[in-house]
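Trainee: Pasting coords16.tsv below, which is TSV, N, CA, C and O atoms.
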```tsv
chain	number	residue	atom	x	y	z
E	1	MET	N	-2.10	-5.97	12.38
E	1	MET	CA	-0.67	-6.05	12.22
E	1	MET	C	-0.13	-4.64	11.99
E	1	MET	O	-0.86	-3.76	11.54
E	2	GLU	N	1.11	-4.45	12.32
E	2	GLU	CA	1.75	-3.13	12.22
E	2	GLU	C	2.58	-3.05	10.95
E	2	GLU	O	3.38	-3.94	10.66
E	3	ILE	N	2.37	-1.96	10.20
E	3	ILE	CA	3.17	-1.68	9.00
E	3	ILE	C	3.57	-0.21	9.05
E	3	ILE	O	3.13	0.53	9.93
E	4	PHE	N	4.39	0.20	8.11
E	4	PHE	CA	4.81	1.58	8.01
E	4	PHE	C	4.41	2.10	6.64
E	4	PHE	O	4.82	1.55	5.62
E	5	VAL	N	3.59	3.15	6.62
E	5	VAL	CA	3.13	3.76	5.38
E	5	VAL	C	3.67	5.18	5.35
E	5	VAL	O	3.36	5.98	6.23
E	6	ASN	N	4.51	5.46	4.35
E	6	ASN	CA	5.14	6.78	4.23
E	6	ASN	C	5.77	7.20	5.56
E	6	ASN	O	5.56	8.30	6.04
E	7	ASN	N	6.52	6.27	6.15
E	7	ASN	CA	7.26	6.47	7.40
E	7	ASN	C	6.38	6.69	8.63
E	7	ASN	O	6.84	7.20	9.64
E	8	ARG	N	5.12	6.30	8.54
E	8	ARG	CA	4.19	6.42	9.67
E	8	ARG	C	3.69	5.03	10.03
E	8	ARG	O	3.26	4.28	9.16
E	9	GLU	N	3.72	4.69	11.31
E	9	GLU	CA	3.24	3.38	11.74
E	9	GLU	C	1.72	3.34	11.65
E	9	GLU	O	1.03	4.26	12.08
E	10	VAL	N	1.22	2.25	11.04
E	10	VAL	CA	-0.21	2.09	10.81
E	10	VAL	C	-0.60	0.66	11.18
E	10	VAL	O	0.16	-0.28	10.93
E	11	THR	N	-1.79	0.48	11.75
E	11	THR	CA	-2.31	-0.85	12.05
E	11	THR	C	-3.35	-1.20	10.99
E	11	THR	O	-4.25	-0.41	10.72
E	12	VAL	N	-3.18	-2.37	10.39
E	12	VAL	CA	-4.13	-2.85	9.38
E	12	VAL	C	-4.55	-4.28	9.73
E	12	VAL	O	-3.84	-4.98	10.46
E	13	PRO	N	-5.69	-4.72	9.21
E	13	PRO	CA	-6.14	-6.09	9.50
E	13	PRO	C	-5.24	-7.13	8.83
E	13	PRO	O	-4.60	-6.85	7.81
E	14	LEU	N	-5.22	-8.33	9.39
E	14	LEU	CA	-4.51	-9.44	8.76
E	14	LEU	C	-5.12	-9.72	7.40
E	14	LEU	O	-6.30	-9.44	7.17
E	15	GLU	N	-4.35	-10.27	6.50
E	15	GLU	CA	-4.80	-10.59	5.13
E	15	GLU	C	-5.20	-9.36	4.34
E	15	GLU	O	-6.02	-9.43	3.43
E	16	CYS	N	-4.62	-8.22	4.66
E	16	CYS	CA	-4.90	-6.97	3.96
E	16	CYS	C	-4.12	-6.96	2.64
E	16	CYS	O	-2.91	-7.17	2.63
E	17	SER	N	-4.82	-6.72	1.55
E	17	SER	CA	-4.16	-6.62	0.24
E	17	SER	C	-3.77	-5.17	-0.02
E	17	SER	O	-4.21	-4.25	0.69
E	18	VAL	N	-2.97	-4.95	-1.05
E	18	VAL	CA	-2.61	-3.59	-1.45
E	18	VAL	C	-3.88	-2.81	-1.79
E	18	VAL	O	-4.05	-1.66	-1.38
E	19	GLU	N	-4.78	-3.44	-2.51
E	19	GLU	CA	-6.05	-2.81	-2.87
E	19	GLU	C	-6.83	-2.39	-1.61
E	19	GLU	O	-7.35	-1.28	-1.53
E	20	ASP	N	-6.88	-3.28	-0.61
E	20	ASP	CA	-7.56	-2.97	0.66
E	20	ASP	C	-6.87	-1.79	1.36
E	20	ASP	O	-7.55	-0.90	1.88
E	21	LEU	N	-5.54	-1.81	1.38
E	21	LEU	CA	-4.79	-0.75	2.06
E	21	LEU	C	-5.10	0.61	1.45
E	21	LEU	O	-5.34	1.57	2.17
E	22	LEU	N	-5.09	0.70	0.13
E	22	LEU	CA	-5.38	1.97	-0.53
E	22	LEU	C	-6.78	2.47	-0.16
E	22	LEU	O	-6.97	3.65	0.12
E	23	ARG	N	-7.73	1.57	-0.12
E	23	ARG	CA	-9.11	1.94	0.25
E	23	ARG	C	-9.17	2.41	1.70
E	23	ARG	O	-9.74	3.46	2.01
E	24	ILE	N	-8.55	1.65	2.61
E	24	ILE	CA	-8.55	1.98	4.04
E	24	ILE	C	-7.90	3.34	4.29
E	24	ILE	O	-8.39	4.14	5.09
E	25	MET	N	-6.79	3.60	3.58
E	25	MET	CA	-6.03	4.83	3.79
E	25	MET	C	-6.60	6.03	3.03
E	25	MET	O	-6.14	7.15	3.21
E	26	GLY	N	-7.59	5.78	2.16
E	26	GLY	CA	-8.22	6.88	1.44
E	26	GLY	C	-7.47	7.34	0.20
E	26	GLY	O	-7.65	8.47	-0.25
E	27	TYR	N	-6.62	6.47	-0.35
E	27	TYR	CA	-5.89	6.81	-1.57
E	27	TYR	C	-6.66	6.36	-2.80
E	27	TYR	O	-7.49	5.45	-2.73
E	28	HIS	N	-6.35	6.98	-3.92
E	28	HIS	CA	-6.93	6.59	-5.21
E	28	HIS	C	-6.52	5.14	-5.49
E	28	HIS	O	-5.38	4.75	-5.20
E	29	PRO	N	-7.41	4.31	-6.05
E	29	PRO	CA	-7.08	2.89	-6.28
E	29	PRO	C	-5.94	2.65	-7.27
E	29	PRO	O	-5.41	1.55	-7.34
E	30	TYR	N	-5.53	3.68	-8.01
E	30	TYR	CA	-4.42	3.53	-8.96
E	30	TYR	C	-3.14	4.19	-8.47
E	30	TYR	O	-2.20	4.36	-9.24
E	31	ALA	N	-3.10	4.59	-7.21
E	31	ALA	CA	-1.92	5.25	-6.67
E	31	ALA	C	-0.70	4.32	-6.77
E	31	ALA	O	-0.80	3.13	-6.46
E	32	PRO	N	0.43	4.85	-7.23
E	32	PRO	CA	1.65	4.03	-7.27
E	32	PRO	C	2.07	3.64	-5.85
E	32	PRO	O	1.98	4.44	-4.92
E	33	ILE	N	2.55	2.40	-5.71
E	33	ILE	CA	2.91	1.89	-4.39
E	33	ILE	C	4.18	1.04	-4.46
E	33	ILE	O	4.38	0.29	-5.41
E	34	TRP	N	5.03	1.21	-3.46
E	34	TRP	CA	6.24	0.42	-3.31
E	34	TRP	C	6.18	-0.28	-1.97
E	34	TRP	O	5.77	0.31	-0.97
E	35	ILE	N	6.58	-1.53	-1.93
E	35	ILE	CA	6.66	-2.28	-0.68
E	35	ILE	C	8.10	-2.74	-0.51
E	35	ILE	O	8.65	-3.43	-1.37
E	36	ASN	N	8.70	-2.31	0.58
E	36	ASN	CA	10.09	-2.64	0.88
E	36	ASN	C	11.00	-2.32	-0.30
E	36	ASN	O	11.91	-3.08	-0.64
E	37	GLY	N	10.75	-1.18	-0.95
E	37	GLY	CA	11.60	-0.71	-2.03
E	37	GLY	C	11.29	-1.25	-3.41
E	37	GLY	O	11.93	-0.85	-4.38
E	38	LEU	N	10.31	-2.14	-3.54
E	38	LEU	CA	9.96	-2.72	-4.83
E	38	LEU	C	8.59	-2.20	-5.27
E	38	LEU	O	7.61	-2.33	-4.53
E	39	GLN	N	8.51	-1.66	-6.50
E	39	GLN	CA	7.23	-1.17	-6.99
E	39	GLN	C	6.32	-2.34	-7.30
E	39	GLN	O	6.72	-3.34	-7.88
E	40	ILE	N	5.06	-2.21	-6.91
E	40	ILE	CA	4.05	-3.24	-7.14
E	40	ILE	C	3.25	-2.87	-8.38
E	40	ILE	O	2.83	-1.72	-8.55
E	41	LEU	N	3.03	-3.83	-9.26
E	41	LEU	CA	2.25	-3.60	-10.47
E	41	LEU	C	0.77	-3.49	-10.12
E	41	LEU	O	0.27	-4.22	-9.26
E	42	ARG	N	0.07	-2.61	-10.82
E	42	ARG	CA	-1.36	-2.38	-10.56
E	42	ARG	C	-2.16	-3.68	-10.64
E	42	ARG	O	-3.06	-3.92	-9.85
E	43	ARG	N	-1.81	-4.54	-11.58
E	43	ARG	CA	-2.57	-5.79	-11.74
E	43	ARG	C	-2.43	-6.71	-10.52
E	43	ARG	O	-3.22	-7.61	-10.32
E	44	ASP	N	-1.39	-6.48	-9.70
E	44	ASP	CA	-1.16	-7.31	-8.52
E	44	ASP	C	-1.79	-6.74	-7.25
E	44	ASP	O	-1.75	-7.39	-6.20
E	45	TYR	N	-2.37	-5.55	-7.30
E	45	TYR	CA	-2.95	-4.91	-6.11
E	45	TYR	C	-3.97	-5.81	-5.39
E	45	TYR	O	-3.93	-5.92	-4.17
E	46	PRO	N	-4.90	-6.47	-6.12
E	46	PRO	CA	-5.89	-7.29	-5.40
E	46	PRO	C	-5.30	-8.52	-4.73
E	46	PRO	O	-5.79	-8.97	-3.69
E	47	SER	N	-4.24	-9.08	-5.28
E	47	SER	CA	-3.70	-10.34	-4.76
E	47	SER	C	-2.48	-10.17	-3.85
E	47	SER	O	-2.17	-11.07	-3.07
E	48	ARG	N	-1.79	-9.04	-3.92
E	48	ARG	CA	-0.57	-8.85	-3.12
E	48	ARG	C	-0.96	-8.53	-1.69
E	48	ARG	O	-1.58	-7.52	-1.39
E	49	LYS	N	-0.61	-9.43	-0.76
E	49	LYS	CA	-0.93	-9.26	0.66
E	49	LYS	C	0.17	-8.47	1.37
E	49	LYS	O	1.36	-8.66	1.11
E	50	ILE	N	-0.24	-7.61	2.26
E	50	ILE	CA	0.67	-6.86	3.11
E	50	ILE	C	1.13	-7.77	4.24
E	50	ILE	O	0.34	-8.53	4.78
E	51	LYS	N	2.41	-7.66	4.59
E	51	LYS	CA	2.96	-8.47	5.68
E	51	LYS	C	3.34	-7.57	6.85
E	51	LYS	O	3.65	-6.39	6.67
E	52	ASP	N	3.32	-8.15	8.04
E	52	ASP	CA	3.69	-7.43	9.25
E	52	ASP	C	5.06	-6.79	9.08
E	52	ASP	O	5.99	-7.42	8.56
E	53	GLN	N	5.18	-5.52	9.47
E	53	GLN	CA	6.41	-4.73	9.43
E	53	GLN	C	6.85	-4.32	8.03
E	53	GLN	O	7.98	-3.85	7.85
E	54	ASP	N	5.99	-4.47	7.01
E	54	ASP	CA	6.32	-3.97	5.68
E	54	ASP	C	6.48	-2.46	5.72
E	54	ASP	O	5.79	-1.77	6.48
E	55	HIS	N	7.39	-1.97	4.90
E	55	HIS	CA	7.58	-0.53	4.73
E	55	HIS	C	7.01	-0.17	3.36
E	55	HIS	O	7.50	-0.65	2.34
E	56	ILE	N	5.98	0.66	3.37
E	56	ILE	CA	5.22	0.96	2.16
E	56	ILE	C	5.29	2.44	1.86
E	56	ILE	O	5.16	3.28	2.74
E	57	LYS	N	5.50	2.73	0.58
E	57	LYS	CA	5.48	4.11	0.11
E	57	LYS	C	4.35	4.24	-0.88
E	57	LYS	O	4.25	3.47	-1.83
E	58	ILE	N	3.46	5.20	-0.64
E	58	ILE	CA	2.34	5.46	-1.53
E	58	ILE	C	2.45	6.88	-2.03
E	58	ILE	O	2.65	7.81	-1.24
E	59	ILE	N	2.33	7.07	-3.33
E	59	ILE	CA	2.37	8.39	-3.93
E	59	ILE	C	0.95	8.82	-4.25
E	59	ILE	O	0.21	8.09	-4.91
E	60	ARG	N	0.56	9.99	-3.78
E	60	ARG	CA	-0.78	10.52	-4.07
E	60	ARG	C	-0.71	11.22	-5.42
E	60	ARG	O	0.02	12.20	-5.57
E	61	PRO	N	-1.45	10.71	-6.42
E	61	PRO	CA	-1.43	11.35	-7.74
E	61	PRO	C	-1.99	12.77	-7.68
E	61	PRO	O	-2.95	13.05	-6.96
E	62	LEU	N	-1.35	13.67	-8.42
E	62	LEU	CA	-1.79	15.05	-8.49
E	62	LEU	C	-2.16	15.39	-9.92
E	62	LEU	O	-1.55	14.90	-10.86
E	63	ALA	N	-3.16	16.22	-10.07
E	63	ALA	CA	-3.55	16.68	-11.40
E	63	ALA	C	-3.00	18.10	-11.59
E	63	ALA	O	-2.77	18.82	-10.64
E	64	GLY	N	-2.81	18.45	-12.79
E	64	GLY	CA	-2.34	19.81	-13.05
E	64	GLY	C	-1.87	19.95	-14.47
E	64	GLY	O	-1.91	19.01	-15.26
E	65	GLY	N	-1.39	21.09	-14.75
E	65	GLY	CA	-0.92	21.31	-16.12
E	65	GLY	C	-0.19	22.58	-16.26
E	65	GLY	O	0.15	23.29	-15.41
```
Represent the structure contained in this file as structure tokens.
Mentor:
Amino acid sequence: MEIFVNNREVTVPLECSVEDLLRIMGYHPYAPIWINGLQILRRDYPSRKIKDQDHIKIIRPLAGG
């Protein structure tokens, strides 16, 4: 199915969860994520399924000080 991640079109398998998407895309499993403008809670990552044409924003955590 086709989705948009950080304004880039991406193909992911059907029944892909947020947790699966982060792993597939190479992001840290605790990366903050928004789907269609709504922030998803970390506890919902394993159960929240991605839908065709979802617009997803993922923030890559940075370390520093």
Trainee: Any chance you could list, as a ChimeraX atom specification, the residues in chain E that come up alpha helix (DSSP H) when DSSP is run on the backbone?
Mentor: /E:18-25
Trainee: Using only N, CA, C and O atoms, which residues sit within 8 Å of region 21-38 of chain E once same-chain residues fewer than 2 positions away are excluded, as a ChimeraX atom specification?
Mentor: /E:4-6,12,15-19,40-42,45,48,50,53-61
Trainee: Could those selected residues go to a file with N, CA, C and O atoms, as a short mmCIF file (atom, residue, chain, number, x, y, z; two decimals), in the coordinates of the input?
Mentor:
```
data_model
loop_
_atom_site.label_atom_id
_atom_site.label_comp_id
_atom_site.auth_asym_id
_atom_site.auth_seq_id
_atom_site.Cartn_x
_atom_site.Cartn_y
_atom_site.Cartn_z
N PHE E 4 4.39 0.20 8.11
CA PHE E 4 4.81 1.58 8.01
C PHE E 4 4.41 2.10 6.64
O PHE E 4 4.82 1.55 5.62
N VAL E 5 3.59 3.15 6.62
CA VAL E 5 3.13 3.76 5.38
C VAL E 5 3.67 5.18 5.35
O VAL E 5 3.36 5.98 6.23
N ASN E 6 4.51 5.46 4.35
CA ASN E 6 5.14 6.78 4.23
C ASN E 6 5.77 7.20 5.56
O ASN E 6 5.56 8.30 6.04
N VAL E 12 -3.18 -2.37 10.39
CA VAL E 12 -4.13 -2.85 9.38
C VAL E 12 -4.55 -4.28 9.73
O VAL E 12 -3.84 -4.98 10.46
N GLU E 15 -4.35 -10.27 6.50
CA GLU E 15 -4.80 -10.59 5.13
C GLU E 15 -5.20 -9.36 4.34
O GLU E 15 -6.02 -9.43 3.43
N CYS E 16 -4.62 -8.22 4.66
CA CYS E 16 -4.90 -6.97 3.96
C CYS E 16 -4.12 -6.96 2.64
O CYS E 16 -2.91 -7.17 2.63
N SER E 17 -4.82 -6.72 1.55
CA SER E 17 -4.16 -6.62 0.24
C SER E 17 -3.77 -5.17 -0.02
O SER E 17 -4.21 -4.25 0.69
N VAL E 18 -2.97 -4.95 -1.05
CA VAL E 18 -2.61 -3.59 -1.45
C VAL E 18 -3.88 -2.81 -1.79
O VAL E 18 -4.05 -1.66 -1.38
N GLU E 19 -4.78 -3.44 -2.51
CA GLU E 19 -6.05 -2.81 -2.87
C GLU E 19 -6.83 -2.39 -1.61
O GLU E 19 -7.35 -1.28 -1.53
N ILE E 40 5.06 -2.21 -6.91
CA ILE E 40 4.05 -3.24 -7.14
C ILE E 40 3.25 -2.87 -8.38
O ILE E 40 2.83 -1.72 -8.55
N LEU E 41 3.03 -3.83 -9.26
CA LEU E 41 2.25 -3.60 -10.47
C LEU E 41 0.77 -3.49 -10.12
O LEU E 41 0.27 -4.22 -9.26
N ARG E 42 0.07 -2.61 -10.82
CA ARG E 42 -1.36 -2.38 -10.56
C ARG E 42 -2.16 -3.68 -10.64
O ARG E 42 -3.06 -3.92 -9.85
N TYR E 45 -2.37 -5.55 -7.30
CA TYR E 45 -2.95 -4.91 -6.11
C TYR E 45 -3.97 -5.81 -5.39
O TYR E 45 -3.93 -5.92 -4.17
N ARG E 48 -1.79 -9.04 -3.92
CA ARG E 48 -0.57 -8.85 -3.12
C ARG E 48 -0.96 -8.53 -1.69
O ARG E 48 -1.58 -7.52 -1.39
N ILE E 50 -0.24 -7.61 2.26
CA ILE E 50 0.67 -6.86 3.11
C ILE E 50 1.13 -7.77 4.24
O ILE E 50 0.34 -8.53 4.78
N GLN E 53 5.18 -5.52 9.47
CA GLN E 53 6.41 -4.73 9.43
C GLN E 53 6.85 -4.32 8.03
O GLN E 53 7.98 -3.85 7.85
N ASP E 54 5.99 -4.47 7.01
CA ASP E 54 6.32 -3.97 5.68
C ASP E 54 6.48 -2.46 5.72
O ASP E 54 5.79 -1.77 6.48
N HIS E 55 7.39 -1.97 4.90
CA HIS E 55 7.58 -0.53 4.73
C HIS E 55 7.01 -0.17 3.36
O HIS E 55 7.50 -0.65 2.34
N ILE E 56 5.98 0.66 3.37
CA ILE E 56 5.22 0.96 2.16
C ILE E 56 5.29 2.44 1.86
O ILE E 56 5.16 3.28 2.74
N LYS E 57 5.50 2.73 0.58
CA LYS E 57 5.48 4.11 0.11
C LYS E 57 4.35 4.24 -0.88
O LYS E 57 4.25 3.47 -1.83
N ILE E 58 3.46 5.20 -0.64
CA ILE E 58 2.34 5.46 -1.53
C ILE E 58 2.45 6.88 -2.03
O ILE E 58 2.65 7.81 -1.24
N ILE E 59 2.33 7.07 -3.33
CA ILE E 59 2.37 8.39 -3.93
C ILE E 59 0.95 8.82 -4.25
O ILE E 59 0.21 8.09 -4.91
N ARG E 60 0.56 9.99 -3.78
CA ARG E 60 -0.78 10.52 -4.07
C ARG E 60 -0.71 11.22 -5.42
O ARG E 60 0.02 12.20 -5.57
N PRO E 61 -1.45 10.71 -6.42
CA PRO E 61 -1.43 11.35 -7.74
C PRO E 61 -1.99 12.77 -7.68
O PRO E 61 -2.95 13.05 -6.96
#
```
Trainee: Just to confirm, what's the straight-line distance from atom O of Gln39 (chain E) to CA of Asp52 (chain E) in Å (one decimal)?
Mentor: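 So the answer is 17.9 Å.
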Trainee: Can you measure CA of Asp20 (chain E) to atom O of Arg8 (chain E) for me? One decimal in Å is fine.
Mentor: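 One can read the CA of Asp20 (chain E) to atom O of Arg8 (chain E) distance as 15.6 Å.
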Trainee: What residues in chain E get the DSSP label strand (DSSP E or B)? Please answer as a list in words.
Mentor: Glu2, Ile3, Phe4, Val5, Arg8, Glu9, Val10, Thr11, Ser17, Ile33, Trp34, Ile35, Leu38, Gln39, Lys49, His55, Ile56, Lys57 and Ile58 of chain E
Trainee: Expressed in Å to a single decimal, how great is the separation between CA of Asn7 (chain E) and atom O of Lys51 (chain E)?
Mentor: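 If I compute the distance from CA of Asn7 (chain E) to atom O of Lys51 (chain E), I get 13.4 Å.
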Trainee: Would you mind completing region 40-51 of chain E so that it carries all heavy atoms, and writing it out as a CSV table (one decimal), keeping the file's coordinate frame?
Mentor:
```
chain,number,residue,atom,x,y,z
E,40,ILE,N,5.1,-2.2,-6.9
E,40,ILE,CA,4.0,-3.2,-7.1
E,40,ILE,C,3.2,-2.9,-8.4
E,40,ILE,O,2.8,-1.7,-8.6
E,40,ILE,CB,3.1,-3.4,-5.9
E,40,ILE,CG1,3.9,-3.6,-4.6
E,40,ILE,CG2,2.1,-4.5,-6.1
E,40,ILE,CD1,4.8,-4.7,-4.6
E,41,LEU,N,3.0,-3.8,-9.3
E,41,LEU,CA,2.2,-3.6,-10.5
E,41,LEU,C,0.8,-3.5,-10.1
E,41,LEU,O,0.3,-4.2,-9.3
E,41,LEU,CB,2.5,-4.7,-11.5
E,41,LEU,CG,3.9,-4.9,-12.0
E,41,LEU,CD1,3.9,-6.2,-12.9
E,41,LEU,CD2,4.4,-3.7,-12.7
E,42,ARG,N,0.1,-2.6,-10.8
E,42,ARG,CA,-1.4,-2.4,-10.6
E,42,ARG,C,-2.2,-3.7,-10.6
E,42,ARG,O,-3.1,-3.9,-9.8
E,42,ARG,CB,-1.9,-1.3,-11.6
E,42,ARG,CG,-3.4,-1.2,-11.6
E,42,ARG,CD,-3.9,-0.5,-10.3
E,42,ARG,NE,-5.3,-0.5,-10.2
E,42,ARG,CZ,-6.1,-1.3,-9.5
E,42,ARG,NH1,-5.5,-2.1,-8.7
E,42,ARG,NH2,-7.4,-1.2,-9.5
E,43,ARG,N,-1.8,-4.5,-11.6
E,43,ARG,CA,-2.6,-5.8,-11.7
E,43,ARG,C,-2.4,-6.7,-10.5
E,43,ARG,O,-3.2,-7.6,-10.3
E,43,ARG,CB,-2.1,-6.5,-13.0
E,43,ARG,CG,-0.7,-7.1,-12.9
E,43,ARG,CD,-0.4,-7.9,-14.2
E,43,ARG,NE,0.9,-8.5,-14.0
E,43,ARG,CZ,1.9,-8.3,-14.9
E,43,ARG,NH1,1.7,-7.5,-15.9
E,43,ARG,NH2,3.1,-8.8,-14.7
E,44,ASP,N,-1.4,-6.5,-9.7
E,44,ASP,CA,-1.2,-7.3,-8.5
E,44,ASP,C,-1.8,-6.7,-7.2
E,44,ASP,O,-1.8,-7.4,-6.2
E,44,ASP,CB,0.3,-7.5,-8.3
E,44,ASP,CG,1.0,-8.3,-9.4
E,44,ASP,OD1,0.3,-9.1,-10.0
E,44,ASP,OD2,2.2,-8.1,-9.7
E,45,TYR,N,-2.4,-5.6,-7.3
E,45,TYR,CA,-3.0,-4.9,-6.1
E,45,TYR,C,-4.0,-5.8,-5.4
E,45,TYR,O,-3.9,-5.9,-4.2
E,45,TYR,CB,-3.6,-3.6,-6.4
E,45,TYR,CG,-2.6,-2.4,-6.7
E,45,TYR,CD1,-1.3,-2.6,-6.9
E,45,TYR,CD2,-3.1,-1.1,-6.8
E,45,TYR,CE1,-0.4,-1.6,-7.1
E,45,TYR,CE2,-2.2,-0.1,-7.0
E,45,TYR,CZ,-0.9,-0.3,-7.2
E,45,TYR,OH,-0.1,0.8,-7.4
E,46,PRO,N,-4.9,-6.5,-6.1
E,46,PRO,CA,-5.9,-7.3,-5.4
E,46,PRO,C,-5.3,-8.5,-4.7
E,46,PRO,O,-5.8,-9.0,-3.7
E,46,PRO,CB,-6.9,-7.7,-6.5
E,46,PRO,CG,-6.7,-6.8,-7.6
E,46,PRO,CD,-5.2,-6.4,-7.5
E,47,SER,N,-4.2,-9.1,-5.3
E,47,SER,CA,-3.7,-10.3,-4.8
E,47,SER,C,-2.5,-10.2,-3.8
E,47,SER,O,-2.2,-11.1,-3.1
E,47,SER,CB,-3.3,-11.3,-5.9
E,47,SER,OG,-2.3,-10.7,-6.7
E,48,ARG,N,-1.8,-9.0,-3.9
E,48,ARG,CA,-0.6,-8.8,-3.1
E,48,ARG,C,-1.0,-8.5,-1.7
E,48,ARG,O,-1.6,-7.5,-1.4
E,48,ARG,CB,0.3,-7.7,-3.7
E,48,ARG,CG,1.5,-7.4,-2.9
E,48,ARG,CD,2.5,-8.5,-2.8
E,48,ARG,NE,3.8,-8.1,-2.5
E,48,ARG,CZ,4.3,-7.8,-1.3
E,48,ARG,NH1,3.5,-7.9,-0.2
E,48,ARG,NH2,5.5,-7.5,-1.1
E,49,LYS,N,-0.6,-9.4,-0.8
E,49,LYS,CA,-0.9,-9.3,0.7
E,49,LYS,C,0.2,-8.5,1.4
E,49,LYS,O,1.4,-8.7,1.1
E,49,LYS,CB,-1.1,-10.6,1.4
E,49,LYS,CG,-2.2,-11.5,0.8
E,49,LYS,CD,-3.6,-10.8,0.9
E,49,LYS,CE,-4.6,-11.7,0.4
E,49,LYS,NZ,-5.9,-11.1,0.3
E,50,ILE,N,-0.2,-7.6,2.3
E,50,ILE,CA,0.7,-6.9,3.1
E,50,ILE,C,1.1,-7.8,4.2
E,50,ILE,O,0.3,-8.5,4.8
E,50,ILE,CB,0.0,-5.6,3.7
E,50,ILE,CG1,-0.7,-4.8,2.6
E,50,ILE,CG2,0.9,-4.8,4.6
E,50,ILE,CD1,0.3,-4.1,1.6
E,51,LYS,N,2.4,-7.7,4.6
E,51,LYS,CA,3.0,-8.5,5.7
E,51,LYS,C,3.3,-7.6,6.8
E,51,LYS,O,3.6,-6.4,6.7
E,51,LYS,CB,4.2,-9.2,5.2
E,51,LYS,CG,3.9,-10.2,4.1
E,51,LYS,CD,5.1,-10.9,3.6
E,51,LYS,CE,4.8,-11.9,2.5
E,51,LYS,NZ,5.5,-11.6,1.3
```
